[in-house]
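Peer 1: Please find upload-v4.txt (compact mmCIF, C-alpha atoms) on the next line:
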# COMPACT_ATOMS: atom_id res chain seq x y z
CA MET N 277 0.00 0.00 0.00
CA THR N 278 1.40 3.39 -0.96
CA VAL N 279 0.97 6.06 1.69
CA ASN N 280 2.88 8.78 -0.11
CA THR N 281 0.59 11.38 -1.66
CA PHE N 282 3.31 13.80 -2.73
CA ILE N 283 3.71 14.27 -6.49
CA ALA N 284 6.85 15.97 -7.78
CA GLY N 285 5.99 18.89 -10.03
CA ARG N 286 6.72 22.52 -10.83
CA GLY N 287 5.23 25.94 -10.24
CA PHE N 288 4.62 28.32 -7.35
CA LEU N 289 2.93 25.59 -5.29
CA TYR N 290 6.30 23.99 -4.70
CA LEU N 291 7.92 27.27 -3.70
CA LEU N 292 5.48 27.90 -0.88
CA ASP N 293 6.25 26.62 2.59
CA ALA N 294 3.92 23.94 4.07
CA ARG N 295 2.76 26.34 6.84
CA SER N 296 1.89 29.28 4.60
CA LYS N 297 0.31 26.96 2.02
CA LEU N 298 -1.88 25.43 4.75
CA LEU N 299 -2.99 28.90 5.80
CA LEU N 300 -3.72 29.80 2.16
CA VAL N 301 -5.81 26.64 1.62
CA LEU N 302 -7.73 27.14 4.87
CA LEU N 303 -8.50 30.80 4.10
CA LEU N 304 -9.63 29.97 0.57
CA CYS N 305 -11.81 27.13 1.89
CA VAL N 306 -13.41 29.52 4.38
CA MET N 307 -13.81 32.16 1.67
CA VAL N 308 -15.90 29.89 -0.59
CA PHE N 309 -18.53 29.68 2.19
CA LEU N 310 -18.80 33.49 2.40
CA PRO N 311 -21.10 35.49 0.08
CA ILE N 312 -19.14 35.38 -3.16
CA SER N 313 -20.19 35.66 -6.81
CA GLN N 314 -20.52 32.61 -9.04
CA TRP N 315 -17.90 34.07 -11.37
CA GLY N 316 -15.48 34.19 -8.47
CA LEU N 317 -16.11 30.57 -7.53
CA TRP N 318 -15.73 29.29 -11.09
CA LEU N 319 -12.62 31.40 -11.56
CA LEU N 320 -11.14 29.79 -8.45
CA CYS N 321 -11.98 26.33 -9.85
CA VAL N 322 -10.40 27.13 -13.21
CA PHE N 323 -7.34 28.61 -11.51
CA ALA N 324 -6.94 25.52 -9.30
CA PHE N 325 -7.34 23.19 -12.28
CA LEU N 326 -4.83 25.13 -14.39
CA THR N 327 -2.37 25.16 -11.49
CA ALA N 328 -2.70 21.38 -11.18
CA TRP N 329 -2.30 21.00 -14.96
CA HIS N 330 0.81 23.17 -15.04
CA ALA N 331 2.32 21.51 -11.98
CA MET N 332 1.55 17.84 -12.58
CA GLY N 333 0.17 17.39 -16.09
CA PHE N 334 -3.30 17.16 -17.61
CA THR N 335 -4.07 13.51 -16.72
CA GLN N 336 -3.12 14.04 -13.10
CA ALA N 337 -5.13 17.27 -12.96
CA LEU N 338 -8.25 15.33 -13.95
CA GLN N 339 -7.82 12.90 -11.05
CA PRO N 340 -9.80 14.88 -8.41
CA LEU N 341 -12.61 15.32 -10.93
CA ARG N 342 -12.77 11.54 -11.45
CA ALA N 343 -12.82 10.97 -7.69
CA ILE N 344 -15.92 13.13 -7.21
CA LEU N 345 -17.66 12.20 -10.46
CA PHE N 346 -20.26 10.07 -8.68
CA VAL N 347 -21.20 12.96 -6.37
CA LEU N 348 -21.34 15.35 -9.33
CA VAL N 349 -23.74 12.98 -11.13
CA LEU N 350 -25.92 12.83 -8.00
CA MET N 351 -25.92 16.62 -7.79
CA THR N 352 -26.87 16.90 -11.47
CA LEU N 353 -29.75 14.48 -10.98
CA PHE N 354 -31.15 15.79 -7.72
CA ILE N 355 -30.50 19.50 -7.29
CA PRO N 356 -32.39 20.86 -10.33
CA LEU N 357 -35.33 18.55 -9.63
CA THR N 358 -35.69 19.53 -5.98
CA TYR N 359 -35.67 23.31 -6.50
CA ARG N 360 -39.10 24.01 -7.96
CA ASP N 361 -39.37 27.77 -7.37
CA GLY N 362 -38.73 30.48 -9.91
CA GLU N 363 -38.82 31.00 -13.65
CA SER N 364 -38.94 27.84 -15.83
CA LEU N 365 -35.82 27.17 -17.85
CA LEU N 366 -36.34 23.68 -19.28
CA VAL N 367 -39.83 22.24 -19.70
CA ILE N 368 -40.67 18.81 -21.13
CA GLY N 369 -44.41 18.50 -21.80
CA ARG N 370 -46.03 19.95 -18.68
CA PHE N 371 -43.12 19.05 -16.42
CA THR N 372 -40.58 21.70 -15.50
CA VAL N 373 -37.22 19.96 -15.42
CA ALA N 374 -35.20 22.96 -14.26
CA THR N 375 -35.80 26.53 -13.19
CA VAL N 376 -33.36 29.43 -13.43
CA GLU N 377 -32.92 29.42 -9.63
CA SER N 378 -32.27 25.67 -9.53
CA VAL N 379 -29.54 25.94 -12.18
CA GLN N 380 -27.97 28.88 -10.33
CA ASN N 381 -28.04 26.89 -7.10
CA TYR N 382 -26.59 23.85 -8.87
CA SER N 383 -23.79 25.91 -10.38
CA PHE N 384 -23.04 27.48 -7.00
CA LEU N 385 -22.85 24.14 -5.15
CA VAL N 386 -20.83 22.39 -7.88
CA SER N 387 -18.29 25.20 -8.15
CA ARG N 388 -17.88 25.37 -4.36
CA PHE N 389 -17.43 21.62 -4.07
CA LEU N 390 -14.95 21.57 -6.97
CA ALA N 391 -12.98 24.45 -5.49
CA ILE N 392 -12.68 22.77 -2.06
CA THR N 393 -11.75 19.44 -3.66
CA TYR N 394 -9.02 20.93 -5.83
CA LEU N 395 -7.61 23.17 -3.09
CA CYS N 396 -7.28 20.32 -0.58
CA THR N 397 -5.91 17.88 -3.17
CA LEU N 398 -3.36 20.36 -4.47
CA TYR N 399 -2.07 20.98 -0.97
CA LEU N 400 -1.67 17.26 -0.39
CA TRP N 401 -0.04 16.59 -3.76
CA SER N 402 2.45 19.43 -3.49
CA THR N 403 3.52 18.93 0.13
CA PRO N 404 5.39 15.92 1.53
CA MET N 405 3.55 14.27 4.42
CA ALA N 406 6.50 14.90 6.76
CA ASP N 407 6.27 18.64 6.02
CA ILE N 408 2.51 18.61 6.69
CA ASN N 409 3.22 17.04 10.06
CA LEU N 410 5.89 19.67 10.79
CA ALA N 411 3.49 22.43 9.71
CA LEU N 412 0.80 21.11 12.06
CA ARG N 413 3.43 20.97 14.80
CA TRP N 414 4.29 24.62 14.12
CA TYR N 415 0.59 25.48 14.47
CA GLY N 416 0.56 23.86 17.92
CA LEU N 417 0.01 20.13 17.44
CA PRO N 418 1.39 18.46 20.61
CA ARG N 419 4.60 16.45 20.28
CA ASN N 420 2.94 13.15 21.19
CA ALA N 421 0.13 13.71 18.67
CA ALA N 422 2.69 14.44 15.95
CA LEU N 423 4.52 11.27 16.96
CA VAL N 424 1.30 9.23 16.68
CA LEU N 425 0.75 10.65 13.20
CA THR N 426 4.29 9.86 12.07
CA LEU N 427 4.21 6.35 13.53
CA ALA N 428 0.80 5.59 12.07
CA PHE N 429 2.14 6.39 8.60
CA ARG N 430 5.15 4.13 9.20
CA PHE N 431 2.86 1.34 10.38
CA ILE N 432 0.28 1.38 7.57
CA PRO N 433 2.35 -0.62 5.01
CA PHE N 434 3.34 -3.15 7.68
CA ILE N 435 -0.28 -3.69 8.82
CA ALA N 436 -1.50 -3.80 5.20
CA ASP N 437 1.04 -6.49 4.26
CA SER N 438 0.25 -8.52 7.38
CA PHE N 439 -3.47 -8.26 6.67
CA LYS N 440 -3.01 -9.46 3.09
CA MET N 441 -1.01 -12.48 4.28
CA ILE N 442 -3.60 -13.36 6.93
CA LYS N 443 -6.42 -12.91 4.43
CA ASP N 444 -4.69 -15.17 1.89
CA SER N 445 -4.04 -17.89 4.45
CA HIS N 446 -7.66 -17.74 5.67
CA ALA N 447 -8.94 -17.85 2.10
CA LEU N 448 -7.51 -21.35 1.81
CA ARG N 449 -9.90 -22.73 4.40
CA ILE N 450 -13.06 -20.94 3.18
CA GLY N 451 -15.02 -23.18 0.83
CA GLU N 452 -17.27 -22.46 -2.11
CA GLN N 453 -18.92 -19.07 -2.69
CA SER N 454 -21.55 -18.72 0.00
CA SER N 455 -24.26 -16.20 0.89
CA ARG N 456 -23.42 -12.59 1.78
CA ARG N 457 -24.25 -13.26 5.43
CA GLN N 458 -21.97 -16.31 5.47
CA ARG N 459 -19.16 -14.31 3.87
CA LEU N 460 -19.49 -11.64 6.55
CA SER N 461 -19.30 -14.21 9.35
CA ASP N 462 -16.34 -15.82 7.56
CA ALA N 463 -14.61 -12.45 7.76
CA ILE N 464 -14.62 -12.46 11.58
CA PRO N 465 -11.69 -14.93 12.01
CA THR N 466 -9.62 -13.00 9.45
CA ILE N 467 -10.31 -9.65 11.10
CA THR N 468 -9.67 -11.12 14.56
CA ALA N 469 -6.34 -12.63 13.48
CA ALA N 470 -5.25 -9.35 11.88
CA LEU N 471 -6.18 -7.37 14.99
CA VAL N 472 -4.45 -9.80 17.36
CA TYR N 473 -1.33 -9.67 15.18
CA ALA N 474 -1.36 -5.86 15.28
CA LEU N 475 -2.07 -5.71 19.03
CA LYS N 476 0.76 -8.14 19.83
CA SER N 477 3.23 -5.77 18.24
CA ILE N 478 2.29 -2.90 20.59
CA PRO N 479 4.47 -3.81 23.64
CA HIS N 480 7.57 -4.27 21.44
CA PHE N 481 6.80 -1.07 19.64
CA ALA N 482 6.44 0.79 22.95
CA MET N 483 9.75 -0.64 24.12
CA SER N 484 11.52 0.58 21.00
CA LEU N 485 10.03 4.04 21.51
CA GLU N 486 11.51 4.11 25.01
CA HIS N 487 14.86 3.04 23.68
CA ARG N 488 14.68 6.03 21.33
CA GLY N 489 14.34 8.27 24.39
CA LEU N 490 10.58 8.80 24.66
CA GLY N 491 9.58 10.02 28.10
CA ARG N 492 13.11 11.05 29.12
CA SER N 493 14.11 14.65 29.55
CA GLY N 494 16.37 15.61 26.65
CA GLY N 495 15.20 12.81 24.36
CA ARG N 496 17.43 11.54 21.60
CA THR N 497 15.24 12.69 18.74
CA GLU N 498 13.96 16.13 17.76
CA TYR N 499 11.76 17.32 14.91
CA ARG N 500 13.56 19.24 12.20
CA LYS N 501 12.60 22.84 11.48
CA LEU N 502 10.89 23.89 8.27
CA LYS N 503 12.59 26.58 6.18
CA ALA N 504 10.56 29.02 4.08
CA LYS N 505 12.11 30.43 0.90
CA GLY N 506 12.16 34.22 1.08
CA GLY N 507 11.14 34.23 4.74
CA LEU N 508 8.12 32.87 6.53
CA PHE N 509 6.60 36.31 7.17
CA THR N 510 6.60 37.17 3.46
CA GLN N 511 5.02 33.84 2.55
CA MET N 512 2.37 34.20 5.27
CA LEU N 513 1.61 37.70 4.04
CA VAL N 514 1.15 36.41 0.48
CA SER N 515 -1.09 33.60 1.82
CA VAL N 516 -3.33 36.14 3.55
CA MET N 517 -3.29 38.62 0.67
CA ILE N 518 -4.43 36.20 -2.07
CA PRO N 519 -7.79 35.31 -0.40
CA THR N 520 -8.27 38.90 0.77
CA VAL N 521 -7.84 40.35 -2.75
CA PHE N 522 -10.04 37.60 -4.16
CA TRP N 523 -12.71 38.37 -1.58
CA LEU N 524 -12.56 42.10 -2.25
CA LEU N 525 -12.95 41.48 -5.98
CA PHE N 526 -15.75 38.93 -5.92
CA ASN N 527 -17.78 39.40 -2.74
CA THR N 528 -21.47 40.05 -3.17
CA LEU N 529 -22.01 42.18 -0.05
CA MET Z 901 3.09 -6.18 30.72
CA GLU Z 902 5.01 -3.47 32.62
CA ARG Z 903 2.78 -0.50 33.45
CA SER Z 904 4.19 1.13 36.56
CA ASN Z 905 6.55 3.63 34.93
CA PRO Z 906 4.77 6.78 33.60
CA SER Z 907 7.06 7.01 30.55
CA ASN Z 908 6.27 3.36 29.85
CA MET Z 909 2.57 4.25 29.93
CA THR Z 910 3.11 7.14 27.51
CA ALA Z 911 5.06 4.93 25.12
CA LEU Z 912 2.43 2.20 25.39
CA ARG Z 913 -0.40 4.64 24.72
CA ILE Z 914 1.36 6.22 21.76
CA ALA Z 915 2.09 2.77 20.33
CA LEU Z 916 -1.49 1.64 20.92
CA VAL Z 917 -3.06 4.66 19.25
CA ALA Z 918 -0.58 4.63 16.34
CA VAL Z 919 -1.13 0.93 15.64
CA LEU Z 920 -4.93 1.20 15.85
CA THR Z 921 -4.88 4.29 13.64
CA ALA Z 922 -2.92 2.32 11.05
CA VAL Z 923 -5.39 -0.58 11.36
CA VAL Z 924 -8.32 1.80 10.77
CA VAL Z 925 -6.57 3.13 7.63
CA VAL Z 926 -5.95 -0.39 6.31
CA PHE Z 927 -9.53 -1.51 7.01
CA THR Z 928 -10.87 1.62 5.32
CA LEU Z 929 -8.79 1.30 2.18
CA LEU Z 930 -8.19 -2.43 1.77
CA VAL Z 931 -11.26 -4.17 3.19
CA ARG Z 932 -14.27 -3.30 1.09
CA VAL Z 933 -17.56 -5.14 0.78
CA PRO Z 934 -19.48 -4.66 -2.49
CA THR Z 935 -23.04 -3.36 -2.06
CA PRO Z 936 -26.12 -4.23 -4.18
CA ILE Z 937 -26.32 -0.68 -5.58
CA LYS Z 938 -23.00 -0.10 -7.30
CA GLY Z 939 -20.39 0.84 -4.73
CA TYR Z 940 -18.54 -0.37 -1.65
CA ILE Z 941 -18.74 -0.09 2.08
CA SER Z 942 -15.55 -0.12 4.11
CA LEU Z 943 -15.01 -1.92 7.39
CA CYS Z 944 -13.44 1.03 9.21
CA ASP Z 945 -16.40 1.12 11.59
CA VAL Z 946 -15.53 -2.41 12.74
CA VAL Z 947 -12.16 -1.21 14.05
CA ILE Z 948 -13.64 2.00 15.47
CA THR Z 949 -16.28 0.03 17.37
CA PHE Z 950 -13.68 -2.51 18.47
CA SER Z 951 -11.27 0.21 19.66
CA ALA Z 952 -14.05 2.00 21.52
CA PHE Z 953 -15.31 -1.15 23.25
CA LEU Z 954 -11.91 -2.45 24.31
CA PHE Z 955 -9.76 0.63 24.82
CA GLY Z 956 -12.12 3.41 25.82
CA PRO Z 957 -13.24 6.84 24.57
CA TRP Z 958 -9.84 8.45 23.92
CA VAL Z 959 -8.46 5.60 21.85
CA GLY Z 960 -11.81 5.21 20.06
CA ALA Z 961 -11.91 8.92 19.24
CA ILE Z 962 -8.27 9.39 18.21
CA ALA Z 963 -7.80 6.13 16.29
CA GLY Z 964 -11.23 6.45 14.65
CA GLY Z 965 -10.91 10.11 13.73
CA LEU Z 966 -7.27 10.12 12.72
CA GLY Z 967 -7.44 6.76 10.92
CA THR Z 968 -10.36 7.71 8.71
CA ALA Z 969 -8.89 11.17 8.06
CA ILE Z 970 -5.58 9.61 6.92
CA ALA Z 971 -7.51 7.13 4.77
CA ASP Z 972 -9.32 10.03 3.10
CA LEU Z 973 -6.01 11.80 2.46
CA ILE Z 974 -4.38 8.71 0.97
CA GLY Z 975 -7.50 7.63 -0.92
CA GLY Z 976 -7.81 10.91 -2.82
CA TYR Z 977 -10.68 12.47 -0.84
CA ALA Z 978 -8.69 15.13 0.97
CA GLN Z 979 -11.71 17.45 1.26
CA TRP Z 980 -13.39 14.90 3.52
CA ALA Z 981 -10.43 14.42 5.89
CA PRO Z 982 -11.27 17.13 8.50
CA LEU Z 983 -14.94 16.11 8.46
CA SER Z 984 -14.12 12.40 8.85
CA PHE Z 985 -11.78 13.26 11.72
CA ILE Z 986 -14.61 14.96 13.60
CA ILE Z 987 -17.44 12.58 12.69
CA HIS Z 988 -15.62 9.29 13.33
CA GLY Z 989 -13.85 10.78 16.35
CA VAL Z 990 -17.17 11.66 17.97
CA GLN Z 991 -18.57 8.28 16.90
CA GLY Z 992 -15.71 6.38 18.60
CA MET Z 993 -15.92 8.49 21.74
CA LEU Z 994 -19.70 8.13 22.15
CA ILE Z 995 -19.68 4.37 21.51
CA ALA Z 996 -17.03 3.94 24.21
CA LEU Z 997 -18.69 6.26 26.73
CA ILE Z 998 -22.08 4.55 26.45
CA ALA Z 999 -20.65 1.03 26.40
CA ARG Z 1000 -18.47 1.81 29.43
CA THR Z 1001 -21.46 3.04 31.41
CA GLY Z 1002 -22.89 -0.46 31.00
CA MET Z 1003 -19.60 -2.14 31.83
CA LYS Z 1004 -18.97 -0.13 34.99
CA ALA Z 1005 -22.50 -0.48 36.37
CA LYS Z 1006 -23.29 -3.62 38.34
CA VAL Z 1007 -25.74 -4.98 35.81
CA PRO Z 1008 -26.27 -8.50 34.47
CA GLY Z 1009 -24.47 -9.65 31.32
CA ASP Z 1010 -27.47 -9.13 29.05
CA ALA Z 1011 -27.84 -5.50 30.13
CA LYS Z 1012 -24.13 -4.91 29.41
CA LEU Z 1013 -24.64 -6.30 25.94
CA ILE Z 1014 -27.63 -3.99 25.48
CA MET Z 1015 -25.51 -0.99 26.54
CA MET Z 1016 -22.80 -1.99 24.05
CA PHE Z 1017 -25.45 -2.27 21.37
CA ALA Z 1018 -26.94 1.10 22.40
CA GLY Z 1019 -23.48 2.64 22.09
CA GLY Z 1020 -23.17 1.14 18.63
CA LEU Z 1021 -26.59 2.49 17.63
CA ILE Z 1022 -25.69 5.99 18.80
CA GLY Z 1023 -22.47 5.64 16.82
CA MET Z 1024 -24.51 4.72 13.74
CA VAL Z 1025 -26.70 7.79 14.15
CA VAL Z 1026 -23.71 10.08 14.69
CA MET Z 1027 -21.86 8.72 11.67
CA THR Z 1028 -24.85 8.74 9.31
CA GLY Z 1029 -26.17 12.09 10.54
CA GLY Z 1030 -22.70 13.63 10.56
CA TYR Z 1031 -21.99 12.67 6.96
CA TYR Z 1032 -25.45 13.82 5.90
CA VAL Z 1033 -24.90 17.27 7.39
CA ALA Z 1034 -21.32 17.45 6.07
CA GLY Z 1035 -22.44 16.31 2.61
CA GLY Z 1036 -25.31 18.78 2.73
CA ILE Z 1037 -22.94 21.64 3.47
CA LEU Z 1038 -20.45 20.55 0.81
CA TYR Z 1039 -22.70 19.61 -2.08
CA GLY Z 1040 -26.35 20.08 -1.10
CA PHE Z 1041 -28.76 18.21 1.17
CA GLU Z 1042 -30.65 16.63 -1.75
CA ALA Z 1043 -27.65 14.73 -3.12
CA ALA Z 1044 -26.46 13.90 0.41
CA LEU Z 1045 -29.71 12.00 1.06
CA VAL Z 1046 -28.57 9.20 -1.27
CA GLU Z 1047 -25.66 8.36 1.01
CA ILE Z 1048 -27.81 7.75 4.11
CA PRO Z 1049 -28.68 4.08 3.38
CA LEU Z 1050 -25.06 3.26 2.49
CA ASN Z 1051 -23.73 4.92 5.62
CA LEU Z 1052 -26.36 3.17 7.75
CA MET Z 1053 -25.37 -0.15 6.22
CA GLN Z 1054 -21.65 0.51 6.77
CA SER Z 1055 -22.03 1.58 10.38
CA GLY Z 1056 -24.54 -1.23 11.07
CA VAL Z 1057 -22.13 -3.87 9.77
CA GLY Z 1058 -19.44 -2.11 11.80
CA VAL Z 1059 -21.39 -2.40 15.05
CA VAL Z 1060 -22.34 -6.08 14.56
CA LEU Z 1061 -18.89 -7.19 13.43
CA GLY Z 1062 -17.20 -4.89 15.95
CA MET Z 1063 -19.04 -6.53 18.85
CA ALA Z 1064 -18.27 -10.02 17.54
CA VAL Z 1065 -14.61 -9.20 16.89
CA SER Z 1066 -14.20 -7.60 20.36
CA ARG Z 1067 -15.31 -10.82 22.02
CA ALA Z 1068 -13.16 -12.94 19.71
CA VAL Z 1069 -10.04 -10.82 20.32
CA LEU Z 1070 -10.59 -10.91 24.10
CA LYS Z 1071 -10.69 -14.70 23.91
CA ALA Z 1072 -7.74 -15.01 21.56
CA TYR Z 1073 -5.48 -12.48 23.28
CA PRO Z 1074 -6.53 -11.83 26.93
CA PRO Z 1075 -3.58 -9.45 27.74
CA VAL Z 1076 -5.36 -6.90 25.57
CA ARG Z 1077 -7.37 -5.90 28.68
CA SER Z 1078 -4.25 -4.35 30.22
CA LEU Z 1079 -3.97 -1.93 27.29
CA ALA Z 1080 -7.33 -0.27 28.06
CA TRP Z 1081 -7.01 3.45 28.80
Would you mind writing the structure in this file as structure tokens?
Peer 2:
Amino acid sequence: MTVNTFIAGRGFLYLLDARSKLLLVLLLCVMVFLPISQWGLWLLCVFAFLTAWHAMGFTQALQPLRAILFVLVLMTLFIPLTYRDGESLLVIGRFTVATVESVQNYSFLVSRFLAITYLCTLYLWSTPMADINLALRWYGLPRNAALVLTLAFRFIPFIADSFKMIKDSHALRIGEQSSRRQRLSDAIPTITAALVYALKSIPHFAMSLEHRGLGRSGGRTEYRKLKAKGGLFTQMLVSVMIPTVFWLLFNTL
Amino acid sequence: MERSNPSNMTALRIALVAVLTAVVVVFTLLVRVPTPIKGYISLCDVVITFSAFLFGPWVGAIAGGLGTAIADLIGGYAQWAPLSFIIHGVQGMLIALIARTGMKAKVPGDAKLIMMFAGGLIGMVVMTGGYYVAGGILYGFEAALVEIPLNLMQSGVGVVLGMAVSRAVLKAYPPVRSLAW
């Protein structure tokens, strides 16, 4: 199982520090919930898509769109049909399929959802997981919580491999294709074995953490410090200015 | 298992939460059961329920919340990660708190089982309701309605299997009781 979400690419995304980029993404995500024009929202979507295209290529830039395609189809099917008020836009026979208000609402919700999806995905793709952890630490995440996060990422491939092996060995004893209920009850021994295997590793794991200095004053390991190109203050200022300018240009107040 | 030293306790707790978080991620991404209407349900709720029953509210909340959030990040649904962290975190915490009330009280075995089940039911409501509200905010309450049956099914399977697996793990590996927090 691959736990790395970082994709090497180019562009300003890779110049920004993980802390300032996190602030930028958060502010933009908050901004899309404020009163903002549809043009502004769609412009943000287009900008995010073009940034992804420039940074990682066209096929990769389409990936978030594919991931939310099912939800977009649901939105297309349900939103216009459930908003019945307003001027008719599309009428088949006597049935009004869509009104002007329903299409506006649909466009608003789709653009907002797309913008949030692309913003979050771009942050994740352009920032190594270790840097995200360090950024969260800089924003006040406790040391032990950061350690849990780091260790969990280290443990995922190990648990995944163990689970696959246990599943394969249990598959040997399960007979012909049975009912769904039977398959679920057959899953219990596999899940139990996988959990027991994982739980048995905990005491050894805890011991190795102690050997690394956990719990002692002046432990043997420290987190490295993030370095921002051009200074952290400048990057933070840029991260605040981009959403502010965007808001001033496209707010509907 | 040595538990007297405070640093030992910290290391043990960190190891416990990290391992269970990783297990939640694996069960979310690798273990998927096909559903009649095209799609899958994951078994993350099994581990969340299991963690809550055996290890208490903190482990249930942190492993459940963090595990599902990491799974969203890795699985390409980054926009859901903060919401999953809150929803599954609250789910794990509530399941554990309600189940523990039954375990601590001097009640017969059947009543304890009912309290565990009640905890699981509350967890189902929190998870399904939480995702409905979150989906409603993100992409509209009409489209979010479609996910309710799937989420109910996922959390329902999670509660039933979680209860069964908790008992099975306790039988297979009794020292697990000493890890409760």
Peer 1: Hey, which of N:Val424, N:Ala411, N:Val308, N:Leu303 ends up closest to chain Z? Count all atoms listed in the file.
Peer 2: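 Using all atoms listed in the file, chain Z sits closest to N:Val424.
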Peer 1: Out of N:Ala422, N:Tyr415, N:Arg286, N:Met307, which residue has the shortest atom-to-atom distance to Met332 of chain N when counting all atoms listed in the file?
Peer 2: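 Using all atoms listed in the file, the shortest distance to Met332 of chain N belongs to N:Arg286.
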Peer 1: Counting all atoms listed in the file, which of N:Leu289, N:Leu508, N:Val472, N:Ala428 gets nearest to Thr968 of chain Z?
Peer 2: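 Nearest candidate to Thr968 of chain Z out of N:Leu289, N:Leu508, N:Val472, N:Ala428: N:Ala428.
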Peer 1: Using all atoms listed in the file, which residue out of Z:Leu1038, Z:Thr921, Z:Ala969, Z:Trp958 lies closest to Phe384 of chain N?
Peer 2: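 Among the listed residues, the smallest separation from Phe384 of chain N belongs to Z:Leu1038.
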Peer 1: Excluding Met512 of chain N and its own-chain neighbours fewer than 2 positions away, which residues fall within 9 Å of it when counting only C-alpha atoms? Please give them as a count of residues only.
Peer 2: 14
Peer 1: Identify, on the basis of only C-alpha atoms, every residue whose closest approach to Leu317 of chain N does not exceed 12 Å; exclude the query and any residue fewer than 6 positions from it along the same chain; express the result as a PyMOL selection string.
Peer 2: chain N and resi 304-305+307-311+323-324+383-392+519+522-523+525-528
Peer 1: Create the file for the chosen residues now, containing C-alpha atoms and written as a PDB file, keeping the file's coordinate frame.
Peer 2:
ATOM      1  CA  LEU N 304      -9.630  29.970   0.570  1.00  0.00           C
ATOM      2  CA  CYS N 305     -11.810  27.130   1.890  1.00  0.00           C
ATOM      3  CA  MET N 307     -13.810  32.160   1.670  1.00  0.00           C
ATOM      4  CA  VAL N 308     -15.900  29.890  -0.590  1.00  0.00           C
ATOM      5  CA  PHE N 309     -18.530  29.680   2.190  1.00  0.00           C
ATOM      6  CA  LEU N 310     -18.800  33.490   2.400  1.00  0.00           C
ATOM      7  CA  PRO N 311     -21.100  35.490   0.080  1.00  0.00           C
ATOM      8  CA  PHE N 323      -7.340  28.610 -11.510  1.00  0.00           C
ATOM      9  CA  ALA N 324      -6.940  25.520  -9.300  1.00  0.00           C
ATOM     10  CA  SER N 383     -23.790  25.910 -10.380  1.00  0.00           C
ATOM     11  CA  PHE N 384     -23.040  27.480  -7.000  1.00  0.00           C
ATOM     12  CA  LEU N 385     -22.850  24.140  -5.150  1.00  0.00           C
ATOM     13  CA  VAL N 386     -20.830  22.390  -7.880  1.00  0.00           C
ATOM     14  CA  SER N 387     -18.290  25.200  -8.150  1.00  0.00           C
ATOM     15  CA  ARG N 388     -17.880  25.370  -4.360  1.00  0.00           C
ATOM     16  CA  PHE N 389     -17.430  21.620  -4.070  1.00  0.00           C
ATOM     17  CA  LEU N 390     -14.950  21.570  -6.970  1.00  0.00           C
ATOM     18  CA  ALA N 391     -12.980  24.450  -5.490  1.00  0.00           C
ATOM     19  CA  ILE N 392     -12.680  22.770  -2.060  1.00  0.00           C
ATOM     20  CA  PRO N 519      -7.790  35.310  -0.400  1.00  0.00           C
ATOM     21  CA  PHE N 522     -10.040  37.600  -4.160  1.00  0.00           C
ATOM     22  CA  TRP N 523     -12.710  38.370  -1.580  1.00  0.00           C
ATOM     23  CA  LEU N 525     -12.950  41.480  -5.980  1.00  0.00           C
ATOM     24  CA  PHE N 526     -15.750  38.930  -5.920  1.00  0.00           C
ATOM     25  CA  ASN N 527     -17.780  39.400  -2.740  1.00  0.00           C
ATOM     26  CA  THR N 528     -21.470  40.050  -3.170  1.00  0.00           C
TER      27      THR N 528
END
Peer 1: Determine, counting all atoms listed in the file, which protein, DNA and RNA residues have an atom within 10 Å of an atom of segment 1009-1025 of chain Z; residues of the same chain fewer than 3 positions away are not included. Present the result as JSON, numbers by chain.
Peer 2: {"Z": [945, 948, 949, 952, 953, 987, 988, 990, 991, 992, 993, 994, 995, 996, 997, 998, 999, 1000, 1001, 1002, 1003, 1004, 1005, 1006, 1028, 1029, 1030, 1031, 1051, 1052, 1053, 1054, 1055, 1056, 1057, 1058, 1059, 1060, 1062, 1063]}
Peer 1: Report as a PyMOL selection string all protein, DNA and RNA residues lying within 7 Å of Glu1042 of chain Z, evaluated on all atoms listed in the file, omitting residues in the same chain fewer than 2 positions from it.
Peer 2: (chain N and resi 354-355) or (chain Z and resi 1040+1044-1045)
Peer 1: Restricting the calculation to all atoms listed in the file: of Z:Leu973, Z:Ala1034, Z:Val1026, Z:Ile986, which residue gets closest to Met405 of chain N?
Peer 2: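 Checking each candidate against Met405 of chain N, we get Z:Leu973 as the closest.
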Peer 1: Step by step: start from the point (1.8, 16.5, -14.3) in the file's coordinates, keep every protein, DNA or RNA residue that has an atom no farther than 12 Å from it, count all atoms listed in the file, and write the set as number ranges by chain.
Peer 2: N: 282-287, 325-339, 398, 401-402
Peer 1: With all atoms listed in the file as the atoms that count, which of Z:Gly989, Z:Pro1049, Z:Pro982, Z:Gly960 lies nearest to chain N?
Peer 2: Z:Pro982
Peer 1: Which residues, written as a list in words, have at least one atom at most 10 Å from Arg500 of chain N, with all atoms listed in the file counted and residues fewer than 4 positions away on the same chain left out?
Peer 2: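 Result of the neighbour search: Ala406, Asp407 and Leu410 of chain N.
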Peer 1: Report the distance between atom CA of Ser1066 of chain Z and atom CA of Ala1080 of chain Z in Å, rounded to one decimal place.
Peer 2: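 A separation of 12.7 Å between them.
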Peer 1: Kindly give the distance, in Å, that separates atom CA of Ser461 of chain N and atom CA of Val947 of chain Z, rounded to a single decimal.
Peer 2: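 Straight-line distance from atom CA of Ser461 of chain N to atom CA of Val947 of chain Z works out to 15.6 Å.
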Peer 1: What does the distance from atom CA of Tyr499 of chain N to atom CA of Ala911 of chain Z come to in Å, to one decimal?
Peer 2: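 Between atom CA of Tyr499 of chain N and atom CA of Ala911 of chain Z the gap is 17.4 Å.
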